[in-house]
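*Asks:* Pasting data_21.pdb here (PDB, C-alpha atoms and all ligand atoms):
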ATOM      1  CA  MET A   1     -11.726  -6.343 -12.288  1.00  0.00           C
ATOM      2  CA  PRO A   2     -14.568  -3.874 -11.847  1.00  0.00           C
ATOM      3  CA  LEU A   3     -12.867  -1.926  -9.061  1.00  0.00           C
ATOM      4  CA  GLN A   4     -10.029   0.255 -10.285  1.00  0.00           C
ATOM      5  CA  VAL A   5      -7.798   2.503  -8.253  1.00  0.00           C
ATOM      6  CA  TYR A   6      -6.575   5.945  -9.298  1.00  0.00           C
ATOM      7  CA  ARG A   7      -4.419   8.415  -7.479  1.00  0.00           C
ATOM      8  CA  CYS A   8      -5.019  12.147  -7.291  1.00  0.00           C
ATOM      9  CA  SER A   9      -1.857  14.058  -6.461  1.00  0.00           C
ATOM     10  CA  GLU A  10      -3.925  16.186  -4.098  1.00  0.00           C
ATOM     11  CA  HIS A  11      -6.416  13.768  -2.554  1.00  0.00           C
ATOM     12  CA  GLY A  12      -4.702  10.424  -2.778  1.00  0.00           C
ATOM     13  CA  GLU A  13      -6.215   7.178  -3.977  1.00  0.00           C
ATOM     14  CA  PHE A  14      -9.816   6.713  -4.973  1.00  0.00           C
ATOM     15  CA  ASP A  15     -11.752   3.786  -6.371  1.00  0.00           C
ATOM     16  CA  ILE A  16     -13.940   3.675  -9.429  1.00  0.00           C
ATOM     17  CA  TYR A  17     -16.268   0.807 -10.276  1.00  0.00           C
ATOM     18  CA  LEU A  18     -16.322  -0.169 -13.928  1.00  0.00           C
ATOM     19  CA  SER A  19     -18.466  -2.757 -15.604  1.00  0.00           C
ATOM     20  CA  PHE A  20     -16.662  -5.846 -16.814  1.00  0.00           C
ATOM     21  CA  ARG A  21     -17.223  -4.814 -20.410  1.00  0.00           C
ATOM     22  CA  ASP A  22     -15.368  -1.535 -20.063  1.00  0.00           C
ATOM     23  CA  ASP A  23     -11.743  -1.214 -20.954  1.00  0.00           C
ATOM     24  CA  VAL A  24      -9.813   0.173 -18.017  1.00  0.00           C
ATOM     25  CA  PRO A  25      -9.041   3.828 -18.694  1.00  0.00           C
ATOM     26  CA  GLN A  26      -5.510   4.885 -17.866  1.00  0.00           C
ATOM     27  CA  ILE A  27      -6.782   8.053 -16.268  1.00  0.00           C
ATOM     28  CA  ALA A  28      -9.814   9.129 -14.271  1.00  0.00           C
ATOM     29  CA  HIS A  29     -10.976  12.409 -12.820  1.00  0.00           C
ATOM     30  CA  CYS A  30     -10.601  12.809  -9.079  1.00  0.00           C
ATOM     31  CA  LEU A  31     -13.954  12.509  -7.349  1.00  0.00           C
ATOM     32  CA  THR A  32     -13.130  15.486  -5.165  1.00  0.00           C
ATOM     33  CA  CYS A  33     -11.397  18.023  -7.383  1.00  0.00           C
ATOM     34  CA  GLY A  34     -11.818  16.586 -10.881  1.00  0.00           C
ATOM     35  CA  VAL A  35      -8.135  16.622 -11.682  1.00  0.00           C
ATOM     36  CA  VAL A  36      -6.839  13.953 -14.090  1.00  0.00           C
ATOM     37  CA  SER A  37      -5.359  11.108 -12.057  1.00  0.00           C
ATOM     38  CA  PRO A  38      -3.354   8.071 -13.203  1.00  0.00           C
ATOM     39  CA  HIS A  39      -4.504   4.479 -12.889  1.00  0.00           C
ATOM     40  CA  ILE A  40      -2.802   2.508 -10.104  1.00  0.00           C
ATOM     41  CA  ILE A  41      -2.056  -1.175 -10.551  1.00  0.00           C
ATOM     42  CA  LYS A  42      -2.602  -2.956  -7.267  1.00  0.00           C
ATOM     43  CA  PRO A  43      -1.261  -6.399  -6.475  1.00  0.00           C
ATOM     44  CA  PRO A  44      -4.053  -8.926  -5.859  1.00  0.00           C
ATOM     45  CA  ALA A  45      -5.382  -8.764  -2.331  1.00  0.00           C
ATOM     46  CA  GLY A  46      -3.949 -11.272   0.082  1.00  0.00           C
ATOM     47  CA  ILE A  47      -0.513 -11.442  -1.500  1.00  0.00           C
ATOM     48  CA  LYS A  48       2.178 -10.187   0.804  1.00  0.00           C
ATOM     49  CA  VAL A  49       5.302  -9.389  -1.119  1.00  0.00           C
ATOM     50  CA  VAL A  50       7.549  -8.130   1.630  1.00  0.00           C
ATOM     51  CA  ARG A  51       8.332 -10.294   4.584  1.00  0.00           C
ATOM     52  CA  GLY A  52       8.733  -8.196   7.697  1.00  0.00           C
ATOM     53  CA  TRP A  53      11.153  -9.104  10.450  1.00  0.00           C
ATOM     54  CA  ASN A  54       8.197  -9.645  12.765  1.00  0.00           C
ATOM     55  CA  GLU A  55       7.002 -12.372  10.485  1.00  0.00           C
ATOM     56  CA  GLN A  56      10.423 -13.932  10.481  1.00  0.00           C
ATOM     57  CA  ALA A  57      10.556 -13.576  14.245  1.00  0.00           C
ATOM     58  CA  ASN A  58       7.288 -15.481  14.511  1.00  0.00           C
ATOM     59  CA  GLU A  59       8.958 -18.397  12.861  1.00  0.00           C
ATOM     60  CA  MET A  60      11.635 -18.196  15.491  1.00  0.00           C
ATOM     61  CA  GLN A  61       9.138 -18.551  18.300  1.00  0.00           C
ATOM     62  CA  ARG A  62       9.778 -22.214  18.676  1.00  0.00           C
ATOM     63  CA  ASP A  63      11.639 -21.565  21.892  1.00  0.00           C
ATOM     64  CA  PRO A  64      12.219 -18.457  23.994  1.00  0.00           C
ATOM     65  CA  TYR A  65      15.979 -18.516  23.716  1.00  0.00           C
ATOM     66  CA  THR A  66      15.989 -18.471  19.900  1.00  0.00           C
ATOM     67  CA  GLN A  67      13.353 -15.761  19.949  1.00  0.00           C
ATOM     68  CA  ALA A  68      15.218 -13.587  22.438  1.00  0.00           C
ATOM     69  CA  LYS A  69      18.497 -14.008  20.622  1.00  0.00           C
ATOM     70  CA  TYR A  70      16.930 -13.163  17.281  1.00  0.00           C
ATOM     71  CA  GLN A  71      15.281 -10.028  18.633  1.00  0.00           C
ATOM     72  CA  ALA A  72      18.391  -8.886  20.475  1.00  0.00           C
ATOM     73  CA  THR A  73      20.555  -9.385  17.414  1.00  0.00           C
ATOM     74  CA  HIS A  74      18.051  -7.644  15.199  1.00  0.00           C
ATOM     75  CA  MET A  75      17.771  -4.652  17.541  1.00  0.00           C
ATOM     76  CA  TYR A  76      21.539  -4.427  17.752  1.00  0.00           C
ATOM     77  CA  HIS A  77      22.005  -4.311  13.983  1.00  0.00           C
ATOM     78  CA  GLU A  78      19.083  -1.950  13.536  1.00  0.00           C
ATOM     79  CA  GLN A  79      20.484   0.537  16.041  1.00  0.00           C
ATOM     80  CA  LYS A  80      23.946   0.182  14.558  1.00  0.00           C
ATOM     81  CA  ASP A  81      22.598   0.867  11.070  1.00  0.00           C
ATOM     82  CA  LEU A  82      21.029   4.033  12.443  1.00  0.00           C
ATOM     83  CA  GLY A  83      24.418   5.110  13.706  1.00  0.00           C
ATOM     84  CA  VAL A  84      23.574   4.513  17.343  1.00  0.00           C
ATOM     85  CA  ARG A  85      26.362   3.166  19.494  1.00  0.00           C
ATOM     86  CA  VAL A  86      25.050   0.102  21.248  1.00  0.00           C
ATOM     87  CA  ASP A  87      26.602  -2.716  23.187  1.00  0.00           C
ATOM     88  CA  LYS A  88      26.523  -6.089  21.547  1.00  0.00           C
ATOM     89  CA  PRO A  89      23.812  -8.252  23.101  1.00  0.00           C
ATOM     90  CA  THR A  90      25.335 -10.333  25.867  1.00  0.00           C
ATOM     91  CA  GLU A  91      24.602 -13.953  26.609  1.00  0.00           C
ATOM     92  CA  ALA A  92      23.296 -12.944  30.040  1.00  0.00           C
ATOM     93  CA  GLY A  93      21.015 -10.352  28.457  1.00  0.00           C
ATOM     94  CA  ILE A  94      19.627 -12.882  26.010  1.00  0.00           C
ATOM     95  CA  GLN A  95      19.090 -15.395  28.820  1.00  0.00           C
ATOM     96  CA  ALA A  96      17.214 -12.775  30.816  1.00  0.00           C
ATOM     97  CA  ALA A  97      15.055 -11.873  27.817  1.00  0.00           C
ATOM     98  CA  ALA A  98      14.428 -15.561  27.133  1.00  0.00           C
ATOM     99  CA  ALA A  99      13.364 -16.092  30.741  1.00  0.00           C
ATOM    100  CA  GLU A 100      10.951 -13.193  30.416  1.00  0.00           C
ATOM    101  CA  ILE A 101       9.480 -14.586  27.199  1.00  0.00           C
ATOM    102  CA  ALA A 102       9.247 -18.050  28.751  1.00  0.00           C
ATOM    103  CA  GLY A 103       7.449 -16.596  31.739  1.00  0.00           C
ATOM    104  CA  LYS A 104       4.825 -15.013  29.534  1.00  0.00           C
ATOM    105  CA  LYS A 105       4.430 -17.959  27.270  1.00  0.00           C
ATOM    106  CA  THR A 106       2.630 -21.191  27.975  1.00  0.00           C
ATOM    107  CA  TRP A 107       2.649 -24.187  25.708  1.00  0.00           C
ATOM    108  CA  ARG A 108      -0.626 -25.647  24.564  1.00  0.00           C
ATOM    109  CA  ASP A 109      -0.469 -28.452  27.142  1.00  0.00           C
ATOM    110  CA  GLY A 110      -0.056 -25.892  29.905  1.00  0.00           C
ATOM    111  CA  SER A 111       3.649 -26.461  30.544  1.00  0.00           C
ATOM    112  CA  LYS A 112       6.276 -23.765  30.281  1.00  0.00           C
ATOM    113  CA  PRO A 113       8.716 -23.967  27.398  1.00  0.00           C
ATOM    114  CA  PRO A 114      12.280 -24.844  28.393  1.00  0.00           C
ATOM    115  CA  ILE A 115      14.969 -22.192  28.227  1.00  0.00           C
ATOM    116  CA  ARG A 116      17.754 -23.507  26.117  1.00  0.00           C
ATOM    117  CA  GLU A 117      21.261 -23.376  27.527  1.00  0.00           C
ATOM    118  CA  LYS A 118      24.165 -21.817  25.704  1.00  0.00           C
ATOM    119  CA  ARG A 119      25.417 -24.048  22.959  1.00  0.00           C
TER     120      ARG A 119
HETATM  121 ZN    ZN A 201      -8.317  15.489  -6.129  1.00  0.00          ZN
END
Here is the file; what I need is its structure written in the form of structure tokens.
*Replies:*
Amino acid sequence: MPLQVYRCSEHGEFDIYLSFRDDVPQIAHCLTCGVVSPHIIKPPAGIKVVRGWNEQANEMQRDPYTQAKYQATHMYHEQKDLGVRVDKPTEAGIQAAAAEIAGKKTWRDGSKPPIREKR
């Protein structure tokens, strides 16, 4: 790992290239101000530890109704957690949102996805 990351309290993170033979020093001097800065351990690139709700929502994009319902429910709980008084998402509201999503979305074969009825 020739590229190591350090963090200056003043100037933020900076990278230092080390040869493979070097041991990784636990500190380095900031390239800007020279202050002693600690080594930062970075997770390997490409590994996403936290799954965002957007990512989860993408999995819900199988049909517009599920997507709309998921988003509406998520928004409702998010606002509620923030202490905002919001109305619970209504079936009509979800249907309207689903219709909007369906209108924007086209399946690969060119047809529109069906809007699922209330179960
Ligand atoms: Zn600095």
*Asks:* Per residue of chain A within 9 Å of ligand ZN 201 (chain A), record the nearest atom pair and its distance in Å to one decimal, counting only C-alpha atoms and all ligand atoms, with rows in chain order and ascending residue number, as a Markdown table.
*Replies:*
| residue | atom | partner | partner_atom | distance |
| --- | --- | --- | --- | --- |
| A:Arg7 | CA | A:ZN201 | ZN | 8.2 |
| A:Cys8 | CA | A:ZN201 | ZN | 4.8 |
| A:Ser9 | CA | A:ZN201 | ZN | 6.6 |
| A:Glu10 | CA | A:ZN201 | ZN | 4.9 |
| A:His11 | CA | A:ZN201 | ZN | 4.4 |
| A:Gly12 | CA | A:ZN201 | ZN | 7.1 |
| A:Glu13 | CA | A:ZN201 | ZN | 8.8 |
| A:Phe14 | CA | A:ZN201 | ZN | 9.0 |
| A:His29 | CA | A:ZN201 | ZN | 7.8 |
| A:Cys30 | CA | A:ZN201 | ZN | 4.6 |
| A:Leu31 | CA | A:ZN201 | ZN | 6.5 |
| A:Thr32 | CA | A:ZN201 | ZN | 4.9 |
| A:Cys33 | CA | A:ZN201 | ZN | 4.2 |
| A:Gly34 | CA | A:ZN201 | ZN | 6.0 |
| A:Val35 | CA | A:ZN201 | ZN | 5.7 |
| A:Val36 | CA | A:ZN201 | ZN | 8.2 |
| A:Ser37 | CA | A:ZN201 | ZN | 7.9 |
*Asks:* Can you find the residues with an atom no farther than 8 Å from (-5.0, 3.8, -8.0), counting all atoms listed in the file, and report them as JSON, numbers by chain?
*Replies:* {"A": [4, 5, 6, 7, 13, 14, 15, 38, 39, 40, 41, 42]}
*Asks:* Kindly indicate which residue among A:Ile27, A:Glu100, A:Thr66, A:Thr73 lies nearest to A:Asp87, using all atoms listed in the file for the distances.
*Replies:*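 Going through A:Ile27, A:Glu100, A:Thr66, A:Thr73 one by one, the smallest distance to A:Asp87 is for A:Thr73.
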*Asks:* Selection in question (the file shown): the PyMOL selection byres (((chain A and resi 91) around 12) and not hetatm). Which residues does it include, as a VMD selection string?
*Replies:* chain A and resid 65 to 66 68 to 69 72 to 73 87 to 90 92 to 98 116 to 119
*Asks:* As an exercise, work out the distance from atom CA of A:Gly103 to atom CA of A:His77 in Å and give it to one decimal place.
*Replies:*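 Interatomic distance here is 26.0 Å.
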*Asks:* Using all atoms listed in the file for the distances, tell me which of A:Pro64, A:Gln71, A:Lys80, A:Leu18 is nearest to A:Ala102.
*Replies:*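 Going through A:Pro64, A:Gln71, A:Lys80, A:Leu18 one by one, the smallest distance to A:Ala102 is for A:Pro64.
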*Asks:* Mind pulling up the distance from atom CA of A:Ala99 to atom CA of A:Tyr70?
*Replies:*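 The value is 14.2 Å.
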*Asks:* Find the spatial neighbours of A:Tyr17, counting all atoms listed in the file, within a cut-off of 12 Å - ignore same-chain residues fewer than 5 positions away - and output them as a PyMOL selection string.
*Replies:* chain A and resi 1-6+22-25+28
